[in-house]
Amino acid sequence: MEETSRRAGFASAAAFAEAYALKPYRLTQLYRSATKELVDGIDAISVLPRDLRDKLIAEGMELESVAPVVIQRSNDKQTSKGLFRLHDGNEVEAVLMEHWGDRTTVCISSQAGCAYACAFCSTGQAGYTRNLTAVEIFDQARFFARELKTRNKKITNIVFMGQGEPFANYDAVMGAVRLLNDPNGFGLGHRHITISTVGLVPQIEKFADEGVQVNLAISLHAPTDEQRSSIMPVNRKFKVDELMRACANYATKTRRKIFFEYVMLEGVNDDDASAKALAKLMRGHLYHVNLIPYNSTPDAPLRGTSEERVRAFQKILDAAGVPTTVRTPMGRDIAAACGQLRAETQPKARKIPVAL
Ligand code: SAH
């Protein structure tokens, strides 16, 4: 409820209710309609009296903090990518993936742009603009949940793997997690949510004390400092050793499995020695490696690893007893990789270097 009121620029639910002269139970009805019943707009909230709805609309209240600009669907219909405009003109992307059965995943953005400048990432190349609010993050999920509802489907998984670094916008991301999880609202279980981070050590430590069963994914992408620093500037601040120590502490404290993301880049991180060094980092822990085929971006002179080489790399990890999955690329025909659609429509943001 607090988050909903902040959507309209109020400091608290009480201030929001006062401004619109709403009784607390009306506020609850509004919140439930938006987050649980997933109504299209205020006009559709039939539990509110007609004159109250008209008044709220006349006063400029809106349910949506993100407006779809373009929605693209892949040829196989399994991937839908949305470009959304925020009230200040910034744009972010979110992607819906429909897997086998009823399983669906929505990938959402936590920031407009990103300050971490990973060499392989289109968002990182375009620079950072601003943090999203909890509601702006949540509303990307709400949009796709409404769309799925028209086809009697639901969101089963949410991943914070869109634009931005979730742990650089920690409080708003936790606010969005509360909105997604609220049993009186959206009602998605913590275990169905994954936060992916570039590897911000202080926030990994904080997250370990959060007491939530949300999954943690770490964008590792290389096993040595030399390799990692060459593609991820953040590694100059948080070295592989320090990152792995924070992960081990998190795993001990929470007893939760950690997922490590590893984008396969030809000649950068895909040789046998890298696989062996990665296996060494993973050994003895409840860790899982996701090998990710690279979605090439126009800005980066990098190439993805061949399928054959990915399999050889995976074999080395298998032999060392490290569980792996090769992620299936989806939506390549609609530029569904991070930052690609926004890069096509928006001029580059002012480049703000990573805060080291
Ligand atoms: N900032 C967070 C979340 C956003 S990126 C993070 O770094 O984890 C989500 C994932 O997509 C990361 O693992 C990232 O490395 C990966 N990614 C970014 N660009 C990619 C590309 N062009 N191809 C494949 N994966 C990419």
# chains A, B, ... in the order shown; residues from 1 in each chain; ligands from 1

call {"tool": "residues_around", "arguments": {"residues": "Gly267 of chain A", "least_positions_apart": "5", "cutoff": "12 Å", "atoms": "only C-alpha atoms", "output": "JSON list (two decimals) with all heavy atoms, in the first residue's frame"}}
result
[["chain", "number", "residue", "atom", "x", "y", "z"],
["A", 222, "ALA", "N", 33.59, -14.73, -15.55],
["A", 222, "ALA", "CA", 35.01, -15.08, -15.70],
["A", 222, "ALA", "C", 35.56, -15.50, -14.35],
["A", 222, "ALA", "O", 35.15, -14.95, -13.33],
["A", 222, "ALA", "CB", 35.80, -13.89, -16.24],
["A", 227, "GLN", "N", 40.72, -11.75, -16.31],
["A", 227, "GLN", "CA", 39.66, -11.92, -17.32],
["A", 227, "GLN", "C", 38.42, -11.10, -16.96],
["A", 227, "GLN", "O", 37.83, -10.44, -17.80],
["A", 227, "GLN", "CB", 39.24, -13.39, -17.40],
["A", 227, "GLN", "CG", 40.22, -14.29, -18.11],
["A", 227, "GLN", "CD", 39.87, -15.75, -17.86],
["A", 227, "GLN", "OE1", 39.88, -16.21, -16.71],
["A", 227, "GLN", "NE2", 39.56, -16.47, -18.91],
["A", 272, "ASP", "N", 39.62, -24.20, -21.92],
["A", 272, "ASP", "CA", 39.62, -25.27, -20.90],
["A", 272, "ASP", "C", 40.10, -24.77, -19.54],
["A", 272, "ASP", "O", 39.56, -25.13, -18.49],
["A", 272, "ASP", "CB", 40.53, -26.44, -21.33],
["A", 272, "ASP", "CG", 39.90, -27.24, -22.46],
["A", 272, "ASP", "OD1", 38.79, -26.87, -22.90],
["A", 272, "ASP", "OD2", 40.53, -28.23, -22.90],
["A", 273, "ALA", "N", 41.13, -23.91, -19.58],
["A", 273, "ALA", "CA", 41.69, -23.40, -18.32],
["A", 273, "ALA", "C", 40.63, -22.59, -17.55],
["A", 273, "ALA", "O", 40.54, -22.69, -16.32],
["A", 273, "ALA", "CB", 42.91, -22.52, -18.61],
["A", 274, "SER", "N", 39.80, -21.84, -18.28],
["A", 274, "SER", "CA", 38.74, -21.06, -17.63],
["A", 274, "SER", "C", 37.71, -22.00, -16.99],
["A", 274, "SER", "O", 37.24, -21.75, -15.87],
["A", 274, "SER", "CB", 38.03, -20.15, -18.64],
["A", 274, "SER", "OG", 38.94, -19.25, -19.20],
["A", 301, "PRO", "N", 32.56, -5.54, -29.85],
["A", 301, "PRO", "CA", 33.26, -6.33, -30.84],
["A", 301, "PRO", "C", 33.46, -7.78, -30.38],
["A", 301, "PRO", "O", 34.45, -8.41, -30.71],
["A", 301, "PRO", "CB", 34.61, -5.61, -30.95],
["A", 301, "PRO", "CG", 34.82, -5.03, -29.59],
["A", 301, "PRO", "CD", 33.47, -4.77, -28.98],
["A", 302, "LEU", "N", 32.53, -8.29, -29.59],
["A", 302, "LEU", "CA", 32.67, -9.63, -29.02],
["A", 302, "LEU", "C", 31.87, -10.64, -29.81],
["A", 302, "LEU", "O", 30.86, -10.29, -30.43],
["A", 302, "LEU", "CB", 32.19, -9.61, -27.56],
["A", 302, "LEU", "CG", 32.97, -8.71, -26.61],
["A", 302, "LEU", "CD1", 32.18, -8.41, -25.37],
["A", 302, "LEU", "CD2", 34.30, -9.37, -26.26],
["A", 303, "ARG", "N", 32.32, -11.88, -29.74],
["A", 303, "ARG", "CA", 31.58, -12.95, -30.43],
["A", 303, "ARG", "C", 31.23, -14.05, -29.45],
["A", 303, "ARG", "O", 31.97, -14.32, -28.51],
["A", 303, "ARG", "CB", 32.45, -13.54, -31.54],
["A", 303, "ARG", "CG", 32.56, -12.65, -32.77],
["A", 303, "ARG", "CD", 33.67, -13.15, -33.65],
["A", 303, "ARG", "NE", 33.48, -14.57, -33.95],
["A", 303, "ARG", "CZ", 33.44, -15.08, -35.16],
["A", 303, "ARG", "NH1", 33.59, -14.29, -36.19],
["A", 303, "ARG", "NH2", 33.30, -16.37, -35.35],
["A", 304, "GLY", "N", 30.10, -14.67, -29.71],
["A", 304, "GLY", "CA", 29.68, -15.77, -28.85],
["A", 304, "GLY", "C", 30.46, -17.03, -29.15],
["A", 304, "GLY", "O", 30.97, -17.22, -30.25],
["A", 305, "THR", "N", 30.57, -17.90, -28.15],
["A", 305, "THR", "CA", 31.25, -19.18, -28.27],
["A", 305, "THR", "C", 30.41, -20.14, -29.11],
["A", 305, "THR", "O", 29.17, -20.13, -29.00],
["A", 305, "THR", "CB", 31.44, -19.76, -26.85],
["A", 305, "THR", "OG1", 32.23, -18.83, -26.11],
["A", 305, "THR", "CG2", 32.10, -21.11, -26.85],
["A", 306, "SER", "N", 31.06, -20.96, -29.91],
["A", 306, "SER", "CA", 30.31, -21.93, -30.73],
["A", 306, "SER", "C", 29.64, -22.96, -29.83],
["A", 306, "SER", "O", 30.11, -23.22, -28.71],
["A", 306, "SER", "CB", 31.26, -22.65, -31.69],
["A", 306, "SER", "OG", 32.10, -23.52, -30.94],
["A", 309, "ARG", "N", 31.93, -25.67, -28.61],
["A", 309, "ARG", "CA", 32.85, -25.24, -27.55],
["A", 309, "ARG", "C", 32.08, -25.12, -26.21],
["A", 309, "ARG", "O", 32.62, -25.44, -25.16],
["A", 309, "ARG", "CB", 33.48, -23.90, -27.98],
["A", 309, "ARG", "CG", 34.48, -23.32, -27.07],
["A", 309, "ARG", "CD", 35.81, -24.08, -27.07],
["A", 309, "ARG", "NE", 36.28, -24.16, -25.69],
["A", 309, "ARG", "CZ", 36.85, -25.19, -25.10],
["A", 309, "ARG", "NH1", 37.08, -26.29, -25.76],
["A", 309, "ARG", "NH2", 37.18, -25.15, -23.86],
["A", 310, "VAL", "N", 30.85, -24.65, -26.28],
["A", 310, "VAL", "CA", 30.02, -24.54, -25.05],
["A", 310, "VAL", "C", 29.88, -25.93, -24.44],
["A", 310, "VAL", "O", 30.03, -26.12, -23.23],
["A", 310, "VAL", "CB", 28.63, -23.93, -25.34],
["A", 310, "VAL", "CG1", 27.74, -23.98, -24.09],
["A", 310, "VAL", "CG2", 28.75, -22.48, -25.81]]

call {"tool": "residues_around", "arguments": {"residues": "segment 326-330 of chain A", "least_positions_apart": "2", "cutoff": "9 Å", "atoms": "only C-alpha atoms", "output": "list in words"}}
result
Ser74, Gln78, Thr79, Met97, Val289, Asn290, Leu291, Ile292, Pro293, Tyr294, Asn295, Val310, Arg311, Gln314, Thr324, Arg332, Asp333, Ala336 and Ala337 of chain A

call {"tool": "write_last_selection", "arguments": {"atoms": "all heavy atoms", "output": "short mmCIF file (atom, residue, chain, number, x, y, z; two decimals), in the first residue's frame"}}
result
data_model
loop_
_atom_site.label_atom_id
_atom_site.label_comp_id
_atom_site.auth_asym_id
_atom_site.auth_seq_id
_atom_site.Cartn_x
_atom_site.Cartn_y
_atom_site.Cartn_z
N SER A 74 7.97 -12.55 -30.74
CA SER A 74 8.86 -13.32 -31.60
C SER A 74 8.04 -14.19 -32.54
O SER A 74 6.86 -14.43 -32.30
CB SER A 74 9.77 -14.20 -30.74
OG SER A 74 8.99 -15.12 -30.01
N GLN A 78 6.77 -17.23 -28.42
CA GLN A 78 7.12 -17.56 -27.04
C GLN A 78 7.68 -16.38 -26.27
O GLN A 78 7.73 -16.40 -25.05
CB GLN A 78 8.14 -18.70 -27.02
CG GLN A 78 7.51 -20.02 -27.38
CD GLN A 78 8.48 -21.17 -27.20
OE1 GLN A 78 9.68 -21.03 -27.40
NE2 GLN A 78 7.97 -22.31 -26.81
N THR A 79 8.15 -15.38 -26.99
CA THR A 79 8.77 -14.24 -26.33
C THR A 79 8.08 -12.95 -26.73
O THR A 79 7.87 -12.69 -27.91
CB THR A 79 10.27 -14.15 -26.72
OG1 THR A 79 10.86 -15.44 -26.54
CG2 THR A 79 11.00 -13.14 -25.87
N MET A 97 8.60 -14.42 -21.27
CA MET A 97 8.96 -15.67 -21.96
C MET A 97 7.97 -16.75 -21.56
O MET A 97 7.75 -16.98 -20.37
CB MET A 97 10.39 -16.08 -21.56
CG MET A 97 11.45 -15.21 -22.20
SD MET A 97 13.01 -15.21 -21.28
CE MET A 97 12.66 -14.05 -19.98
N VAL A 289 25.78 -23.36 -12.18
CA VAL A 289 26.28 -22.46 -13.24
C VAL A 289 25.31 -22.44 -14.42
O VAL A 289 24.94 -23.48 -14.96
CB VAL A 289 27.68 -22.90 -13.73
CG1 VAL A 289 28.13 -22.03 -14.91
CG2 VAL A 289 28.71 -22.81 -12.60
N ASN A 290 24.89 -21.23 -14.80
CA ASN A 290 24.11 -21.07 -16.03
C ASN A 290 25.02 -20.56 -17.13
O ASN A 290 25.51 -19.42 -17.06
CB ASN A 290 22.98 -20.04 -15.82
CG ASN A 290 21.81 -20.62 -15.04
OD1 ASN A 290 21.53 -21.81 -15.15
ND2 ASN A 290 21.16 -19.79 -14.27
N LEU A 291 25.27 -21.39 -18.11
CA LEU A 291 26.08 -20.97 -19.26
C LEU A 291 25.14 -20.27 -20.24
O LEU A 291 24.11 -20.83 -20.64
CB LEU A 291 26.76 -22.18 -19.90
CG LEU A 291 27.73 -22.93 -18.97
CD1 LEU A 291 28.22 -24.22 -19.61
CD2 LEU A 291 28.91 -22.04 -18.58
N ILE A 292 25.49 -19.04 -20.59
CA ILE A 292 24.57 -18.22 -21.39
C ILE A 292 25.16 -17.95 -22.76
O ILE A 292 26.23 -17.34 -22.87
CB ILE A 292 24.28 -16.87 -20.68
CG1 ILE A 292 23.84 -17.12 -19.23
CG2 ILE A 292 23.26 -16.06 -21.45
CD1 ILE A 292 23.71 -15.85 -18.41
N PRO A 293 24.47 -18.42 -23.83
CA PRO A 293 24.94 -18.05 -25.17
C PRO A 293 24.84 -16.53 -25.33
O PRO A 293 23.86 -15.92 -24.92
CB PRO A 293 23.94 -18.76 -26.09
CG PRO A 293 23.31 -19.82 -25.25
CD PRO A 293 23.30 -19.28 -23.85
N TYR A 294 25.86 -15.95 -25.88
CA TYR A 294 25.92 -14.49 -26.02
C TYR A 294 24.99 -14.00 -27.11
O TYR A 294 24.96 -14.53 -28.22
CB TYR A 294 27.37 -14.11 -26.36
CG TYR A 294 27.59 -12.65 -26.65
CD1 TYR A 294 27.26 -11.67 -25.71
CD2 TYR A 294 28.16 -12.23 -27.85
CE1 TYR A 294 27.47 -10.33 -25.97
CE2 TYR A 294 28.39 -10.89 -28.11
CZ TYR A 294 28.04 -9.94 -27.17
OH TYR A 294 28.27 -8.62 -27.43
N ASN A 295 24.19 -12.98 -26.78
CA ASN A 295 23.38 -12.30 -27.80
C ASN A 295 24.21 -11.13 -28.28
O ASN A 295 24.43 -10.18 -27.53
CB ASN A 295 22.09 -11.76 -27.17
CG ASN A 295 21.02 -12.84 -27.08
OD1 ASN A 295 20.67 -13.48 -28.06
ND2 ASN A 295 20.53 -13.05 -25.88
N VAL A 310 30.85 -24.65 -26.28
CA VAL A 310 30.02 -24.54 -25.05
C VAL A 310 29.88 -25.93 -24.44
O VAL A 310 30.03 -26.12 -23.23
CB VAL A 310 28.63 -23.93 -25.34
CG1 VAL A 310 27.74 -23.98 -24.09
CG2 VAL A 310 28.75 -22.48 -25.81
N ARG A 311 29.64 -26.92 -25.31
CA ARG A 311 29.47 -28.30 -24.81
C ARG A 311 30.76 -28.82 -24.18
O ARG A 311 30.74 -29.47 -23.13
CB ARG A 311 28.99 -29.23 -25.93
CG ARG A 311 27.47 -29.23 -26.08
CD ARG A 311 26.99 -30.43 -26.90
NE ARG A 311 27.56 -30.42 -28.26
CZ ARG A 311 27.03 -29.74 -29.28
NH1 ARG A 311 25.92 -29.04 -29.10
NH2 ARG A 311 27.58 -29.77 -30.47
N GLN A 314 31.15 -27.21 -20.84
CA GLN A 314 30.19 -27.80 -19.90
C GLN A 314 30.67 -29.17 -19.41
O GLN A 314 30.51 -29.52 -18.24
CB GLN A 314 28.82 -27.93 -20.57
CG GLN A 314 27.73 -28.40 -19.61
CD GLN A 314 26.37 -28.49 -20.30
OE1 GLN A 314 26.30 -28.75 -21.50
NE2 GLN A 314 25.30 -28.29 -19.54
N THR A 324 25.36 -27.67 -14.11
CA THR A 324 25.27 -26.58 -15.10
C THR A 324 23.98 -26.68 -15.91
O THR A 324 23.40 -27.75 -16.05
CB THR A 324 26.42 -26.67 -16.14
OG1 THR A 324 26.37 -27.97 -16.75
CG2 THR A 324 27.78 -26.45 -15.51
N ARG A 332 15.53 -14.09 -30.07
CA ARG A 332 16.64 -13.44 -30.78
C ARG A 332 16.16 -12.59 -31.96
O ARG A 332 16.76 -11.59 -32.28
CB ARG A 332 17.64 -14.50 -31.27
CG ARG A 332 18.55 -14.94 -30.13
CD ARG A 332 19.79 -15.60 -30.64
NE ARG A 332 20.81 -15.60 -29.59
CZ ARG A 332 21.81 -16.47 -29.53
NH1 ARG A 332 21.94 -17.39 -30.44
NH2 ARG A 332 22.70 -16.39 -28.56
N ASP A 333 15.04 -13.02 -32.58
CA ASP A 333 14.55 -12.26 -33.73
C ASP A 333 13.93 -10.91 -33.33
O ASP A 333 13.65 -10.08 -34.16
CB ASP A 333 13.55 -13.09 -34.57
CG ASP A 333 12.39 -13.62 -33.73
OD1 ASP A 333 12.60 -13.97 -32.55
OD2 ASP A 333 11.25 -13.67 -34.25
N ALA A 336 15.83 -9.44 -28.05
CA ALA A 336 15.38 -9.51 -26.66
C ALA A 336 16.49 -9.47 -25.63
O ALA A 336 16.23 -9.52 -24.45
CB ALA A 336 14.53 -10.77 -26.45
N ALA A 337 17.73 -9.36 -26.06
CA ALA A 337 18.79 -9.27 -25.04
C ALA A 337 18.77 -7.89 -24.41
O ALA A 337 18.34 -6.92 -25.01
CB ALA A 337 20.15 -9.53 -25.67
#

call {"tool": "residues_near_ligand", "arguments": {"ligand": "ligand 1", "cutoff": "7 Å", "atoms": "only C-alpha atoms and all ligand atoms", "output": "list of chain:residue names"}}
result
A:Phe120, A:Cys121, A:Ser122, A:Phe160, A:Met161, A:Gly162, A:Gln163, A:Gly164, A:Glu165, A:Pro166, A:Ser196, A:Thr197, A:Val198, A:Ala217, A:Ile218, A:Ser219, A:Glu261, A:Tyr262, A:Val263, A:Ile292, A:Pro293, A:Tyr294, A:Asn295, A:Ser296, A:Thr297, A:Ala337, A:Cys338

call {"tool": "residues_around", "arguments": {"residues": "Pro24 of chain A", "least_positions_apart": "6", "cutoff": "12 Å", "atoms": "only C-alpha atoms", "output": "list of chain:residue names"}}
result
A:Met1, A:Ala13, A:Ala14, A:Ala15, A:Phe16, A:Ala17, A:Glu18, A:Leu30, A:Tyr31

call {"tool": "residues_around", "arguments": {"residues": "segment 201-216 of chain A", "least_positions_apart": "3", "cutoff": "8 Å", "atoms": "only C-alpha atoms", "output": "list of chain:residue names"}}
result
A:Phe167, A:Tyr170, A:His190, A:Arg191, A:His192, A:Ile193, A:Thr194, A:Ile195, A:Ser196, A:Thr197, A:Phe238, A:Glu242, A:Leu243, A:Ala246, A:Cys247, A:Asn249, A:Tyr250, A:Lys253, A:Thr254, A:Arg256, A:Lys257, A:Ile258, A:Phe259

call {"tool": "atom_distance", "arguments": {"atom1": "atom CA of Gly113 of chain A", "atom2": "atom CA of Leu96 of chain A"}}
result
19.4 Å

call {"tool": "atom_distance", "arguments": {"atom1": "atom CA of Pro323 of chain A", "atom2": "atom CA of Ala248 of chain A"}}
result
16.7 Å

call {"tool": "residues_around", "arguments": {"residues": "Val39 of chain A", "least_positions_apart": "5", "cutoff": "9 Å", "atoms": "only C-alpha atoms", "output": "PyMOL selection string"}}
result
chain A and resi 33-34+44-45+63+146

call {"tool": "write_last_selection", "arguments": {"atoms": "all heavy atoms", "output": "CSV table (one decimal), in the first residue's frame"}}
result
chain,number,residue,atom,x,y,z
A,33,SER,N,-7.6,-4.2,-6.3
A,33,SER,CA,-8.0,-4.2,-7.7
A,33,SER,C,-6.8,-4.1,-8.7
A,33,SER,O,-6.7,-4.8,-9.7
A,33,SER,CB,-9.0,-3.0,-8.0
A,33,SER,OG,-10.0,-3.0,-7.2
A,34,ALA,N,-5.8,-3.2,-8.3
A,34,ALA,CA,-4.7,-3.1,-9.1
A,34,ALA,C,-3.7,-4.3,-9.1
A,34,ALA,O,-3.3,-4.7,-10.1
A,34,ALA,CB,-3.9,-1.8,-8.7
A,44,ALA,N,-12.4,0.6,-14.4
A,44,ALA,CA,-12.8,-0.8,-14.3
A,44,ALA,C,-12.9,-1.3,-12.9
A,44,ALA,O,-13.3,-2.4,-12.7
A,44,ALA,CB,-11.8,-1.6,-15.1
A,45,ILE,N,-12.7,-0.4,-11.9
A,45,ILE,CA,-12.8,-0.9,-10.5
A,45,ILE,C,-14.2,-0.7,-10.1
A,45,ILE,O,-14.6,0.2,-9.4
A,45,ILE,CB,-11.8,-0.1,-9.6
A,45,ILE,CG1,-10.4,-0.1,-10.2
A,45,ILE,CG2,-11.8,-0.7,-8.2
A,45,ILE,CD1,-9.4,0.7,-9.3
A,63,LEU,N,-3.5,4.3,-12.7
A,63,LEU,CA,-3.0,3.0,-12.1
A,63,LEU,C,-1.6,2.7,-12.7
A,63,LEU,O,-0.8,1.9,-12.1
A,63,LEU,CB,-3.9,1.9,-12.4
A,63,LEU,CG,-5.2,1.8,-11.6
A,63,LEU,CD1,-5.9,0.5,-11.8
A,63,LEU,CD2,-5.0,2.0,-10.1
A,146,ARG,N,-1.5,-8.9,-16.7
A,146,ARG,CA,-2.8,-8.5,-17.3
A,146,ARG,C,-2.9,-9.2,-18.7
A,146,ARG,O,-4.0,-9.7,-19.0
A,146,ARG,CB,-2.9,-7.0,-17.4
A,146,ARG,CG,-3.4,-6.4,-16.1
A,146,ARG,CD,-3.3,-4.9,-16.0
A,146,ARG,NE,-3.7,-4.3,-17.3
A,146,ARG,CZ,-3.1,-3.2,-17.8
A,146,ARG,NH1,-2.1,-2.7,-17.3
A,146,ARG,NH2,-3.6,-2.7,-19.0

call {"tool": "closest_residue", "arguments": {"among": "A:Pro49, A:Gly175, A:Gly189, A:Gly89", "to": "Ala67 of chain A", "atoms": "only C-alpha atoms"}}
result
A:Gly89

call {"tool": "select_by_dssp", "arguments": {"residues": "segment 109-232 of chain A", "states": "strand (DSSP E)", "output": "short mmCIF file (atom, residue, chain, number, x, y, z; two decimals) with N, CA and C atoms, in the first residue's frame"}}
result
data_model
loop_
_atom_site.label_atom_id
_atom_site.label_comp_id
_atom_site.auth_asym_id
_atom_site.auth_seq_id
_atom_site.Cartn_x
_atom_site.Cartn_y
_atom_site.Cartn_z
N GLN A 111 16.50 -0.26 -13.27
CA GLN A 111 17.01 1.09 -13.50
C GLN A 111 16.83 1.45 -14.97
N ALA A 112 16.74 2.76 -15.26
CA ALA A 112 16.83 3.21 -16.66
C ALA A 112 18.31 3.32 -16.94
N GLY A 113 18.80 2.45 -17.82
CA GLY A 113 20.23 2.38 -18.07
C GLY A 113 20.95 1.65 -16.97
N TYR A 128 24.01 5.23 -17.61
CA TYR A 128 22.99 5.20 -16.55
C TYR A 128 22.14 6.46 -16.58
N THR A 129 20.87 6.32 -16.35
CA THR A 129 20.00 7.50 -16.27
C THR A 129 19.43 7.68 -14.87
N ARG A 130 18.61 6.72 -14.40
CA ARG A 130 18.09 6.86 -13.03
C ARG A 130 17.57 5.54 -12.47
N ASN A 131 17.37 5.53 -11.17
CA ASN A 131 16.71 4.40 -10.51
C ASN A 131 15.22 4.39 -10.82
N ASN A 157 7.23 -16.91 -12.82
CA ASN A 157 8.57 -16.54 -12.37
C ASN A 157 8.91 -15.10 -12.78
N ILE A 158 9.63 -14.43 -11.89
CA ILE A 158 10.12 -13.08 -12.20
C ILE A 158 11.62 -13.08 -12.03
N VAL A 159 12.33 -12.53 -12.99
CA VAL A 159 13.78 -12.37 -12.84
C VAL A 159 14.15 -10.89 -13.00
N PHE A 160 15.01 -10.42 -12.09
CA PHE A 160 15.53 -9.06 -12.20
C PHE A 160 16.77 -9.11 -13.08
N ILE A 193 11.08 -15.78 -7.49
CA ILE A 193 11.71 -14.49 -7.86
C ILE A 193 13.23 -14.65 -7.81
N THR A 194 13.92 -14.14 -8.81
CA THR A 194 15.39 -14.19 -8.83
C THR A 194 15.97 -12.80 -9.05
N ILE A 195 16.89 -12.42 -8.17
CA ILE A 195 17.60 -11.15 -8.34
C ILE A 195 18.99 -11.46 -8.86
N SER A 196 19.37 -10.79 -9.95
CA SER A 196 20.67 -11.01 -10.55
C SER A 196 21.53 -9.77 -10.32
N THR A 197 22.74 -9.98 -9.81
CA THR A 197 23.62 -8.83 -9.54
C THR A 197 24.97 -8.97 -10.22
N ASN A 215 15.64 -15.97 -4.84
CA ASN A 215 16.88 -16.55 -5.39
C ASN A 215 17.89 -15.47 -5.74
N LEU A 216 19.15 -15.82 -5.58
CA LEU A 216 20.24 -14.91 -5.92
C LEU A 216 21.03 -15.48 -7.09
N ALA A 217 21.26 -14.63 -8.10
CA ALA A 217 22.11 -15.00 -9.24
C ALA A 217 23.26 -13.99 -9.32
N ILE A 218 24.44 -14.51 -9.57
CA ILE A 218 25.62 -13.65 -9.65
C ILE A 218 26.16 -13.67 -11.08
N SER A 219 26.33 -12.50 -11.66
CA SER A 219 26.94 -12.42 -12.98
C SER A 219 28.45 -12.53 -12.82
#

call {"tool": "atom_distance", "arguments": {"atom1": "atom CA of Asp40 of chain A", "atom2": "atom CA of Ala21 of chain A"}}
result
22.5 Å

call {"tool": "closest_residue", "arguments": {"among": "A:Thr224, A:Ser80, A:Thr133, A:Asn235", "to": "Leu281 of chain A", "atoms": "only C-alpha atoms"}}
result
A:Thr224

call {"tool": "closest_residue", "arguments": {"among": "A:Tyr25, A:Trp100, A:Tyr20, A:Phe144", "to": "Ile71 of chain A", "atoms": "only C-alpha atoms"}}
result
A:Phe144

call {"tool": "select_by_dssp", "arguments": {"residues": "segment 125-353 of chain A", "states": "helix (DSSP H, G or I)", "output": "NGL selection string"}}
result
:A and (125-126 or 134-149 or 166-181 or 190-192 or 201-208 or 225-231 or 233-236 or 240-254 or 272-282 or 307-319 or 332-334 or 340-345)
